[in-house]
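File shown: final_31.cif (mmCIF, C-alpha atoms).
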data_input
loop_
_atom_site.label_atom_id
_atom_site.label_comp_id
_atom_site.auth_asym_id
_atom_site.auth_seq_id
_atom_site.Cartn_x
_atom_site.Cartn_y
_atom_site.Cartn_z
CA SER A 6 -7.03 -67.62 -25.54
CA GLN A 7 -6.12 -71.03 -24.18
CA GLN A 8 -7.60 -70.23 -20.82
CA GLY A 9 -9.97 -72.78 -19.32
CA GLU A 10 -13.40 -71.64 -18.23
CA GLU A 11 -15.04 -72.74 -15.01
CA ASP A 12 -18.73 -73.14 -14.54
CA PRO A 13 -20.55 -72.05 -12.46
CA GLN A 14 -18.87 -68.83 -11.36
CA ALA A 15 -20.36 -69.26 -7.91
CA LEU A 16 -21.99 -72.15 -6.07
CA SER A 17 -23.69 -72.19 -2.68
CA ILE A 18 -24.66 -75.46 -1.00
CA GLN A 19 -25.47 -76.88 2.43
CA GLU A 20 -22.97 -78.87 4.43
CA GLY A 21 -23.20 -82.55 3.54
CA GLU A 22 -24.25 -81.95 -0.04
CA ASN A 23 -22.05 -82.67 -3.03
CA ALA A 24 -20.48 -79.85 -5.05
CA THR A 25 -19.73 -80.15 -8.74
CA MET A 26 -17.65 -77.67 -10.70
CA ASN A 27 -16.87 -77.83 -14.39
CA CYS A 28 -14.01 -76.67 -16.57
CA SER A 29 -14.04 -76.41 -20.35
CA TYR A 30 -11.17 -75.67 -22.68
CA LYS A 31 -10.70 -75.14 -26.39
CA THR A 32 -7.57 -76.94 -27.61
CA SER A 33 -5.92 -80.28 -26.87
CA ILE A 34 -4.22 -80.55 -23.52
CA ASN A 35 -1.45 -82.57 -21.94
CA ASN A 36 -3.02 -82.45 -18.48
CA LEU A 37 -5.54 -80.61 -16.37
CA GLN A 38 -5.08 -79.60 -12.75
CA TRP A 39 -7.41 -78.36 -10.05
CA TYR A 40 -6.33 -75.89 -7.38
CA ARG A 41 -8.01 -74.45 -4.34
CA GLN A 42 -7.65 -70.94 -2.93
CA ASN A 43 -8.82 -69.88 0.49
CA SER A 44 -9.81 -66.24 0.73
CA GLY A 45 -6.82 -63.91 0.42
CA ARG A 46 -4.29 -66.72 0.17
CA GLY A 47 -2.23 -68.49 -2.49
CA LEU A 48 -3.42 -71.47 -4.51
CA VAL A 49 -2.93 -75.02 -3.33
CA HIS A 50 -2.74 -77.92 -5.75
CA LEU A 51 -5.48 -80.56 -5.38
CA ILE A 52 -5.21 -83.05 -8.21
CA LEU A 53 -3.66 -83.52 -11.66
CA ILE A 54 -5.26 -85.64 -14.37
CA ARG A 55 -3.40 -86.47 -17.55
CA SER A 56 -4.98 -86.44 -21.00
CA ASN A 57 -4.96 -90.26 -21.19
CA GLU A 58 -6.81 -90.60 -17.87
CA ARG A 59 -10.56 -90.40 -17.44
CA GLU A 60 -11.03 -90.26 -13.68
CA LYS A 61 -9.00 -89.68 -10.53
CA HIS A 62 -9.83 -89.72 -6.87
CA SER A 63 -8.26 -88.12 -3.86
CA GLY A 64 -10.14 -88.44 -0.59
CA ARG A 65 -13.51 -86.70 -1.07
CA LEU A 66 -12.43 -85.31 -4.45
CA ARG A 67 -13.27 -86.92 -7.75
CA VAL A 68 -12.06 -85.48 -11.04
CA THR A 69 -13.20 -86.60 -14.46
CA LEU A 70 -11.81 -85.66 -17.83
CA ASP A 71 -13.62 -85.98 -21.15
CA THR A 72 -11.17 -85.04 -23.90
CA SER A 73 -13.80 -85.50 -26.61
CA LYS A 74 -15.91 -82.77 -25.01
CA LYS A 75 -12.85 -80.82 -23.85
CA SER A 76 -14.19 -80.64 -20.33
CA SER A 77 -13.42 -81.71 -16.79
CA SER A 78 -15.42 -81.80 -13.60
CA LEU A 79 -14.43 -81.64 -9.95
CA LEU A 80 -16.79 -83.31 -7.50
CA ILE A 81 -16.47 -82.71 -3.77
CA THR A 82 -18.56 -85.21 -1.86
CA ALA A 83 -20.08 -84.69 1.59
CA SER A 84 -18.98 -81.06 1.64
CA ARG A 85 -17.93 -79.28 4.81
CA ALA A 86 -17.90 -75.62 5.77
CA ALA A 87 -14.10 -75.79 5.54
CA ASP A 88 -14.42 -76.54 1.81
CA THR A 89 -15.54 -72.95 1.28
CA ALA A 90 -12.96 -71.54 -1.16
CA SER A 91 -12.39 -70.71 -4.80
CA TYR A 92 -11.51 -73.58 -7.10
CA PHE A 93 -9.49 -73.14 -10.28
CA CYS A 94 -8.72 -75.42 -13.16
CA ALA A 95 -5.39 -75.11 -14.95
CA THR A 96 -4.82 -76.57 -18.39
CA GLY A 97 -1.37 -77.70 -19.50
CA TYR A 98 -0.72 -77.68 -23.20
CA ASN A 99 1.72 -79.51 -25.42
CA ASN A 100 3.40 -76.24 -26.37
CA ASN A 101 4.55 -76.05 -22.74
CA ASP A 102 1.99 -73.41 -21.90
CA MET A 103 -0.27 -73.54 -18.87
CA ARG A 104 -3.32 -71.41 -18.16
CA PHE A 105 -5.63 -70.89 -15.20
CA GLY A 106 -9.34 -70.26 -15.46
CA ALA A 107 -11.31 -67.58 -13.62
CA GLY A 108 -12.43 -69.95 -10.88
CA THR A 109 -15.60 -71.13 -9.15
CA ARG A 110 -16.39 -69.63 -5.78
CA LEU A 111 -17.86 -72.33 -3.52
CA THR A 112 -19.72 -71.48 -0.32
CA VAL A 113 -20.68 -74.33 1.99
CA LYS A 114 -23.21 -73.28 4.60
CA PRO A 115 -23.09 -75.04 7.98
CA ASP B 29 7.40 -79.29 1.92
CA VAL B 30 7.94 -76.81 -0.86
CA LYS B 31 7.96 -73.29 0.40
CA VAL B 32 7.40 -70.20 -1.71
CA THR B 33 7.77 -67.01 0.28
CA GLN B 34 6.61 -63.59 -0.82
CA SER B 35 8.27 -60.76 1.03
CA SER B 36 5.13 -58.79 1.90
CA ARG B 37 1.48 -59.74 2.48
CA TYR B 38 0.24 -56.17 2.17
CA LEU B 39 1.84 -53.18 0.48
CA VAL B 40 0.65 -49.60 0.02
CA LYS B 41 2.48 -47.41 -2.46
CA ARG B 42 2.02 -44.04 -4.13
CA THR B 43 1.46 -43.47 -7.82
CA GLY B 44 4.81 -43.15 -9.61
CA GLU B 45 6.81 -45.07 -7.02
CA LYS B 46 9.09 -47.91 -8.05
CA VAL B 47 7.87 -51.09 -6.39
CA PHE B 48 9.72 -54.36 -5.82
CA LEU B 49 7.90 -57.59 -5.04
CA GLU B 50 10.21 -60.39 -3.97
CA CYS B 51 9.67 -64.13 -4.14
CA VAL B 52 11.91 -66.91 -2.86
CA GLN B 53 11.49 -70.67 -3.28
CA ASP B 54 13.42 -73.34 -1.45
CA MET B 55 13.01 -76.37 -3.72
CA ASP B 56 15.52 -75.68 -6.49
CA HIS B 57 12.72 -75.32 -9.05
CA GLU B 58 13.63 -74.25 -12.57
CA ASN B 59 10.46 -72.28 -13.23
CA MET B 60 9.13 -69.27 -11.43
CA PHE B 61 6.04 -67.24 -12.23
CA TRP B 62 4.37 -63.96 -11.39
CA TYR B 63 0.60 -63.73 -11.68
CA ARG B 64 -1.86 -60.99 -11.08
CA GLN B 65 -5.31 -61.85 -9.71
CA ASP B 66 -8.32 -59.57 -10.05
CA PRO B 67 -11.98 -60.39 -9.28
CA GLY B 68 -13.67 -62.19 -12.15
CA LEU B 69 -10.49 -62.39 -14.21
CA GLY B 70 -8.75 -65.31 -12.54
CA LEU B 71 -4.97 -65.53 -12.65
CA ARG B 72 -3.21 -63.69 -15.43
CA LEU B 73 0.43 -64.44 -16.13
CA ILE B 74 2.69 -61.39 -16.07
CA TYR B 75 6.14 -62.95 -16.55
CA PHE B 76 7.81 -66.27 -16.00
CA SER B 77 11.37 -67.51 -15.86
CA TYR B 78 12.65 -70.97 -16.69
CA ASP B 79 16.25 -70.44 -15.63
CA VAL B 80 18.55 -67.93 -14.00
CA LYS B 81 18.68 -64.68 -15.95
CA MET B 82 16.02 -66.00 -18.36
CA LYS B 83 12.58 -64.44 -18.60
CA GLU B 84 9.60 -64.57 -20.88
CA LYS B 85 6.59 -62.31 -21.14
CA GLY B 86 3.22 -63.64 -20.15
CA ASP B 87 -0.15 -62.24 -21.11
CA ILE B 88 0.07 -58.84 -19.39
CA PRO B 89 3.72 -57.72 -19.11
CA GLU B 90 3.12 -54.04 -19.78
CA GLY B 91 4.20 -51.84 -16.88
CA TYR B 92 6.19 -54.65 -15.25
CA SER B 93 9.69 -56.05 -15.40
CA VAL B 94 11.34 -58.98 -13.64
CA SER B 95 14.73 -60.08 -12.42
CA ARG B 96 16.12 -63.52 -11.71
CA GLU B 97 19.74 -63.27 -10.66
CA LYS B 98 19.64 -66.40 -8.49
CA LYS B 99 17.70 -69.59 -9.03
CA GLU B 100 15.72 -69.27 -5.82
CA ARG B 101 14.67 -65.65 -6.21
CA PHE B 102 12.33 -63.98 -8.69
CA SER B 103 11.53 -60.30 -8.38
CA LEU B 104 8.67 -58.37 -9.95
CA ILE B 105 9.29 -54.68 -10.52
CA LEU B 106 6.72 -51.99 -11.14
CA GLU B 107 8.82 -49.24 -12.69
CA SER B 108 6.27 -46.50 -12.01
CA ALA B 109 3.28 -47.75 -10.08
CA SER B 110 -0.16 -46.75 -11.27
CA THR B 111 -3.57 -47.12 -9.65
CA ASN B 112 -4.59 -49.79 -12.19
CA GLN B 113 -1.83 -51.99 -10.80
CA THR B 114 -3.69 -52.29 -7.51
CA SER B 115 -4.19 -56.04 -7.29
CA MET B 116 -3.26 -59.33 -5.64
CA TYR B 117 0.11 -60.60 -6.89
CA LEU B 118 0.92 -64.28 -6.68
CA CYS B 119 4.31 -65.91 -7.15
CA ALA B 120 4.66 -69.58 -8.00
CA SER B 121 7.39 -72.08 -8.80
CA SER B 122 7.47 -75.46 -10.51
CA PRO B 123 10.03 -78.04 -11.54
CA GLY B 124 10.84 -79.25 -15.04
CA SER B 125 8.32 -78.79 -17.83
CA ARG B 126 6.09 -75.97 -16.75
CA ALA B 127 3.00 -77.37 -18.47
CA LYS B 128 3.28 -80.81 -16.93
CA ASN B 129 4.03 -80.15 -13.31
CA ILE B 130 2.39 -78.76 -10.23
CA GLN B 131 2.85 -75.10 -9.40
CA TYR B 132 3.52 -74.13 -5.80
CA PHE B 133 2.23 -70.74 -4.76
CA GLY B 134 3.20 -68.14 -2.23
CA ALA B 135 0.60 -66.55 0.05
CA GLY B 136 0.25 -63.50 -2.19
CA THR B 137 0.95 -59.80 -1.90
CA ARG B 138 -2.00 -57.45 -1.90
CA LEU B 139 -0.74 -54.21 -3.41
CA SER B 140 -2.63 -50.95 -3.19
CA VAL B 141 -1.43 -48.02 -5.29
CA LEU B 142 -2.85 -44.70 -4.13
#

Take the structure in the file and give it back as structure tokens.
Amino acid sequence: SQQGEEDPQALSIQEGENATMNCSYKTSINNLQWYRQNSGRGLVHLILIRSNEREKHSGRLRVTLDTSKKSSSLLITASRAADTASYFCATGYNNNDMRFGAGTRLTVKP
Amino acid sequence: DVKVTQSSRYLVKRTGEKVFLECVQDMDHENMFWYRQDPGLGLRLIYFSYDVKMKEKGDIPEGYSVSREKKERFSLILESASTNQTSMYLCASSPGSRAKNIQYFGAGTRLSVL
């Protein structure tokens, strides 16, 4: 399967702390995306990082990509209760395929 | 803003019924997708379409069919609903190359088959 795998499956932190989620994949990718899903809703795109990029920022989000280790991480700094959601990585492949992982469930306690 | 609209948020059907899930996007996107989401399994691709009247099977097409008669509309059909099709169904659309672009999702349809 080309599906990415997120780690951890679940993460619980206090408001103000940083949250780090990881995504690993098995074969070479064209890009990797991170999405967020609030409970019972659709996914919302957060950030896309291409295979020739190593780091991207968007507000409190920082994404890194290490193609040699076939892994990516999503860092949310200074987390808020409103960041509570599930986070998914999606890997885009050169054969025009794209796959979502199983997600990390983040709980931020106020 | 891109808008992807799924016709129902919640749906309750009986075993054996024919079920239609409708999805409409307003951004003239080439690609449209149907996913199924179950706890611990993430999003699994059922079918996708890259053009009108074109469709391709995803990872779990069994028990489902799709229709794309117009560019903006992509329908998922459960020919004879079964209890193991109880799930959250998500529709998405994207422009151009489906592996290189952002997917825009609808709010989801939670289907219960009794």

Item to check | Distance in Å - atom CA of B:Glu90 versus atom CA of B:Ile105 | outcome: 11.1 Å

Next on the checklist: I'd like the interatomic distance between atom CA of A:Trp39 and atom CA of A:Leu51, to a tenth of an Å.
Outcome noted: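 Calculated distance between atom CA of A:Trp39 and atom CA of A:Leu51 is 5.5 Å.
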
Next on the checklist: Which residues, named as in the file, does the PyMOL selection byres ((chain A) within 7 of (chain B)) pick out? Answer as a ChimeraX atom specification.
Outcome noted: /A:36,46-50,97-98,101-103,105-108

Checklist entry - Could you work out how far atom CA of B:Phe61 lies from atom CA of B:Val80, giving the answer in Å with one decimal? => result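 Distance reported for this atom pair: 12.7 Å.
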
Item to check | From B:Phe48, B:Tyr92, B:Phe102, B:Tyr78, residue lying nearest B:Ser122 [all atoms listed in the file] | outcome: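 For B:Ser122, the nearest of the given residues is B:Tyr78.
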
Checklist entry - Taking the file as shown, what set of residues would the PyMOL selection byres ((chain A and resi 33) around 8) give back, as a PyMOL selection string? => result chain A and resi 31-32+34-35+72+75+98-99

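Taking all atoms listed in the file into account, those protein, DNA and RNA residues with any atom at most 12 Å away from (3.4, -52.1, 5.1) amount to Ser35, Ser36, Arg37, Tyr38, Leu39, Val40, Lys41, Thr137, Arg138, Leu139 and Ser140 of chain B.
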
Slice of the block: stretch 84-112 of chain A, N, CA, C and O atoms, as a PDB file, in the first residue's frame:
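In the end it all went to result.pdb:
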ATOM      1  N   SER A  84      -0.184  25.667  21.082  1.00  0.00           N
ATOM      2  CA  SER A  84      -1.486  25.108  20.733  1.00  0.00           C
ATOM      3  C   SER A  84      -2.629  25.747  21.521  1.00  0.00           C
ATOM      4  O   SER A  84      -2.439  26.250  22.639  1.00  0.00           O
ATOM      5  N   ARG A  85      -3.810  25.685  20.907  1.00  0.00           N
ATOM      6  CA  ARG A  85      -5.022  26.233  21.517  1.00  0.00           C
ATOM      7  C   ARG A  85      -6.071  25.138  21.563  1.00  0.00           C
ATOM      8  O   ARG A  85      -6.012  24.174  20.787  1.00  0.00           O
ATOM      9  N   ALA A  86      -7.049  25.305  22.400  1.00  0.00           N
ATOM     10  CA  ALA A  86      -8.134  24.314  22.480  1.00  0.00           C
ATOM     11  C   ALA A  86      -8.791  24.126  21.115  1.00  0.00           C
ATOM     12  O   ALA A  86      -9.218  23.022  20.747  1.00  0.00           O
ATOM     13  N   ALA A  87      -8.850  25.206  20.333  1.00  0.00           N
ATOM     14  CA  ALA A  87      -9.479  25.138  19.010  1.00  0.00           C
ATOM     15  C   ALA A  87      -8.674  24.309  18.011  1.00  0.00           C
ATOM     16  O   ALA A  87      -9.169  23.983  16.922  1.00  0.00           O
ATOM     17  N   ASP A  88      -7.444  23.936  18.362  1.00  0.00           N
ATOM     18  CA  ASP A  88      -6.643  23.071  17.490  1.00  0.00           C
ATOM     19  C   ASP A  88      -7.044  21.609  17.634  1.00  0.00           C
ATOM     20  O   ASP A  88      -6.566  20.754  16.880  1.00  0.00           O
ATOM     21  N   THR A  89      -7.889  21.308  18.607  1.00  0.00           N
ATOM     22  CA  THR A  89      -8.365  19.937  18.786  1.00  0.00           C
ATOM     23  C   THR A  89      -9.055  19.462  17.516  1.00  0.00           C
ATOM     24  O   THR A  89     -10.028  20.062  17.054  1.00  0.00           O
ATOM     25  N   ALA A  90      -8.524  18.387  16.930  1.00  0.00           N
ATOM     26  CA  ALA A  90      -9.000  17.885  15.637  1.00  0.00           C
ATOM     27  C   ALA A  90      -8.194  16.644  15.291  1.00  0.00           C
ATOM     28  O   ALA A  90      -7.271  16.256  16.019  1.00  0.00           O
ATOM     29  N   SER A  91      -8.533  16.028  14.171  1.00  0.00           N
ATOM     30  CA  SER A  91      -7.697  14.968  13.617  1.00  0.00           C
ATOM     31  C   SER A  91      -6.883  15.553  12.471  1.00  0.00           C
ATOM     32  O   SER A  91      -7.380  16.390  11.706  1.00  0.00           O
ATOM     33  N   TYR A  92      -5.639  15.119  12.373  1.00  0.00           N
ATOM     34  CA  TYR A  92      -4.733  15.630  11.360  1.00  0.00           C
ATOM     35  C   TYR A  92      -4.273  14.470  10.480  1.00  0.00           C
ATOM     36  O   TYR A  92      -3.849  13.422  10.989  1.00  0.00           O
ATOM     37  N   PHE A  93      -4.351  14.688   9.176  1.00  0.00           N
ATOM     38  CA  PHE A  93      -4.031  13.632   8.215  1.00  0.00           C
ATOM     39  C   PHE A  93      -2.918  14.088   7.279  1.00  0.00           C
ATOM     40  O   PHE A  93      -2.914  15.238   6.825  1.00  0.00           O
ATOM     41  N   CYS A  94      -2.016  13.180   6.980  1.00  0.00           N
ATOM     42  CA  CYS A  94      -1.086  13.461   5.892  1.00  0.00           C
ATOM     43  C   CYS A  94      -1.591  12.762   4.638  1.00  0.00           C
ATOM     44  O   CYS A  94      -2.261  11.730   4.709  1.00  0.00           O
ATOM     45  N   ALA A  95      -1.293  13.354   3.506  1.00  0.00           N
ATOM     46  CA  ALA A  95      -1.659  12.780   2.207  1.00  0.00           C
ATOM     47  C   ALA A  95      -0.426  12.831   1.319  1.00  0.00           C
ATOM     48  O   ALA A  95       0.208  13.877   1.200  1.00  0.00           O
ATOM     49  N   THR A  96      -0.083  11.704   0.741  1.00  0.00           N
ATOM     50  CA  THR A  96       1.122  11.616  -0.075  1.00  0.00           C
ATOM     51  C   THR A  96       0.744  11.528  -1.554  1.00  0.00           C
ATOM     52  O   THR A  96      -0.087  10.699  -1.943  1.00  0.00           O
ATOM     53  N   GLY A  97       1.333  12.409  -2.338  1.00  0.00           N
ATOM     54  CA  GLY A  97       1.098  12.440  -3.781  1.00  0.00           C
ATOM     55  C   GLY A  97       2.258  11.806  -4.523  1.00  0.00           C
ATOM     56  O   GLY A  97       3.407  12.183  -4.297  1.00  0.00           O
ATOM     57  N   TYR A  98       1.945  10.845  -5.361  1.00  0.00           N
ATOM     58  CA  TYR A  98       2.975  10.069  -6.023  1.00  0.00           C
ATOM     59  C   TYR A  98       3.128  10.437  -7.488  1.00  0.00           C
ATOM     60  O   TYR A  98       2.219  10.994  -8.097  1.00  0.00           O
ATOM     61  N   ASN A  99       4.237  10.068  -8.061  1.00  0.00           N
ATOM     62  CA  ASN A  99       4.520  10.413  -9.445  1.00  0.00           C
ATOM     63  C   ASN A  99       3.668   9.631 -10.435  1.00  0.00           C
ATOM     64  O   ASN A  99       3.612   9.989 -11.608  1.00  0.00           O
ATOM     65  N   ASN A 100       3.014   8.581  -9.966  1.00  0.00           N
ATOM     66  CA  ASN A 100       2.092   7.850 -10.860  1.00  0.00           C
ATOM     67  C   ASN A 100       0.697   8.456 -10.817  1.00  0.00           C
ATOM     68  O   ASN A 100      -0.272   7.832 -11.240  1.00  0.00           O
ATOM     69  N   ASN A 101       0.612   9.679 -10.281  1.00  0.00           N
ATOM     70  CA  ASN A 101      -0.645  10.424 -10.196  1.00  0.00           C
ATOM     71  C   ASN A 101      -1.595   9.880  -9.139  1.00  0.00           C
ATOM     72  O   ASN A 101      -2.770  10.210  -9.132  1.00  0.00           O
ATOM     73  N   ASP A 102      -1.077   9.077  -8.242  1.00  0.00           N
ATOM     74  CA  ASP A 102      -1.891   8.555  -7.166  1.00  0.00           C
ATOM     75  C   ASP A 102      -1.709   9.428  -5.922  1.00  0.00           C
ATOM     76  O   ASP A 102      -0.679  10.090  -5.763  1.00  0.00           O
ATOM     77  N   MET A 103      -2.692   9.438  -5.078  1.00  0.00           N
ATOM     78  CA  MET A 103      -2.614  10.190  -3.828  1.00  0.00           C
ATOM     79  C   MET A 103      -3.312   9.391  -2.751  1.00  0.00           C
ATOM     80  O   MET A 103      -4.401   8.857  -2.979  1.00  0.00           O
ATOM     81  N   ARG A 104      -2.693   9.333  -1.565  1.00  0.00           N
ATOM     82  CA  ARG A 104      -3.229   8.487  -0.502  1.00  0.00           C
ATOM     83  C   ARG A 104      -3.207   9.233   0.825  1.00  0.00           C
ATOM     84  O   ARG A 104      -2.266   9.946   1.146  1.00  0.00           O
ATOM     85  N   PHE A 105      -4.256   9.023   1.602  1.00  0.00           N
ATOM     86  CA  PHE A 105      -4.349   9.597   2.943  1.00  0.00           C
ATOM     87  C   PHE A 105      -3.974   8.541   3.986  1.00  0.00           C
ATOM     88  O   PHE A 105      -4.276   7.360   3.826  1.00  0.00           O
ATOM     89  N   GLY A 106      -3.371   9.018   5.058  1.00  0.00           N
ATOM     90  CA  GLY A 106      -3.073   8.147   6.181  1.00  0.00           C
ATOM     91  C   GLY A 106      -4.267   8.030   7.109  1.00  0.00           C
ATOM     92  O   GLY A 106      -5.335   8.581   6.845  1.00  0.00           O
ATOM     93  N   ALA A 107      -4.083   7.315   8.224  1.00  0.00           N
ATOM     94  CA  ALA A 107      -5.179   7.052   9.158  1.00  0.00           C
ATOM     95  C   ALA A 107      -5.393   8.199  10.134  1.00  0.00           C
ATOM     96  O   ALA A 107      -6.407   8.233  10.830  1.00  0.00           O
ATOM     97  N   GLY A 108      -4.451   9.127  10.226  1.00  0.00           N
ATOM     98  CA  GLY A 108      -4.663  10.323  11.020  1.00  0.00           C
ATOM     99  C   GLY A 108      -4.127  10.252  12.433  1.00  0.00           C
ATOM    100  O   GLY A 108      -3.945   9.176  13.007  1.00  0.00           O
ATOM    101  N   THR A 109      -3.862  11.426  12.989  1.00  0.00           N
ATOM    102  CA  THR A 109      -3.518  11.601  14.407  1.00  0.00           C
ATOM    103  C   THR A 109      -4.606  12.427  15.048  1.00  0.00           C
ATOM    104  O   THR A 109      -4.941  13.509  14.565  1.00  0.00           O
ATOM    105  N   ARG A 110      -5.153  11.909  16.145  1.00  0.00           N
ATOM    106  CA  ARG A 110      -6.190  12.651  16.851  1.00  0.00           C
ATOM    107  C   ARG A 110      -5.532  13.494  17.933  1.00  0.00           C
ATOM    108  O   ARG A 110      -4.958  12.960  18.890  1.00  0.00           O
ATOM    109  N   LEU A 111      -5.626  14.808  17.796  1.00  0.00           N
ATOM    110  CA  LEU A 111      -5.017  15.742  18.752  1.00  0.00           C
ATOM    111  C   LEU A 111      -6.092  16.319  19.662  1.00  0.00           C
ATOM    112  O   LEU A 111      -7.114  16.826  19.191  1.00  0.00           O
ATOM    113  N   THR A 112      -5.830  16.245  20.967  1.00  0.00           N
ATOM    114  CA  THR A 112      -6.692  16.889  21.964  1.00  0.00           C
ATOM    115  C   THR A 112      -5.860  17.920  22.696  1.00  0.00           C
ATOM    116  O   THR A 112      -4.806  17.592  23.255  1.00  0.00           O
TER     117      THR A 112
END
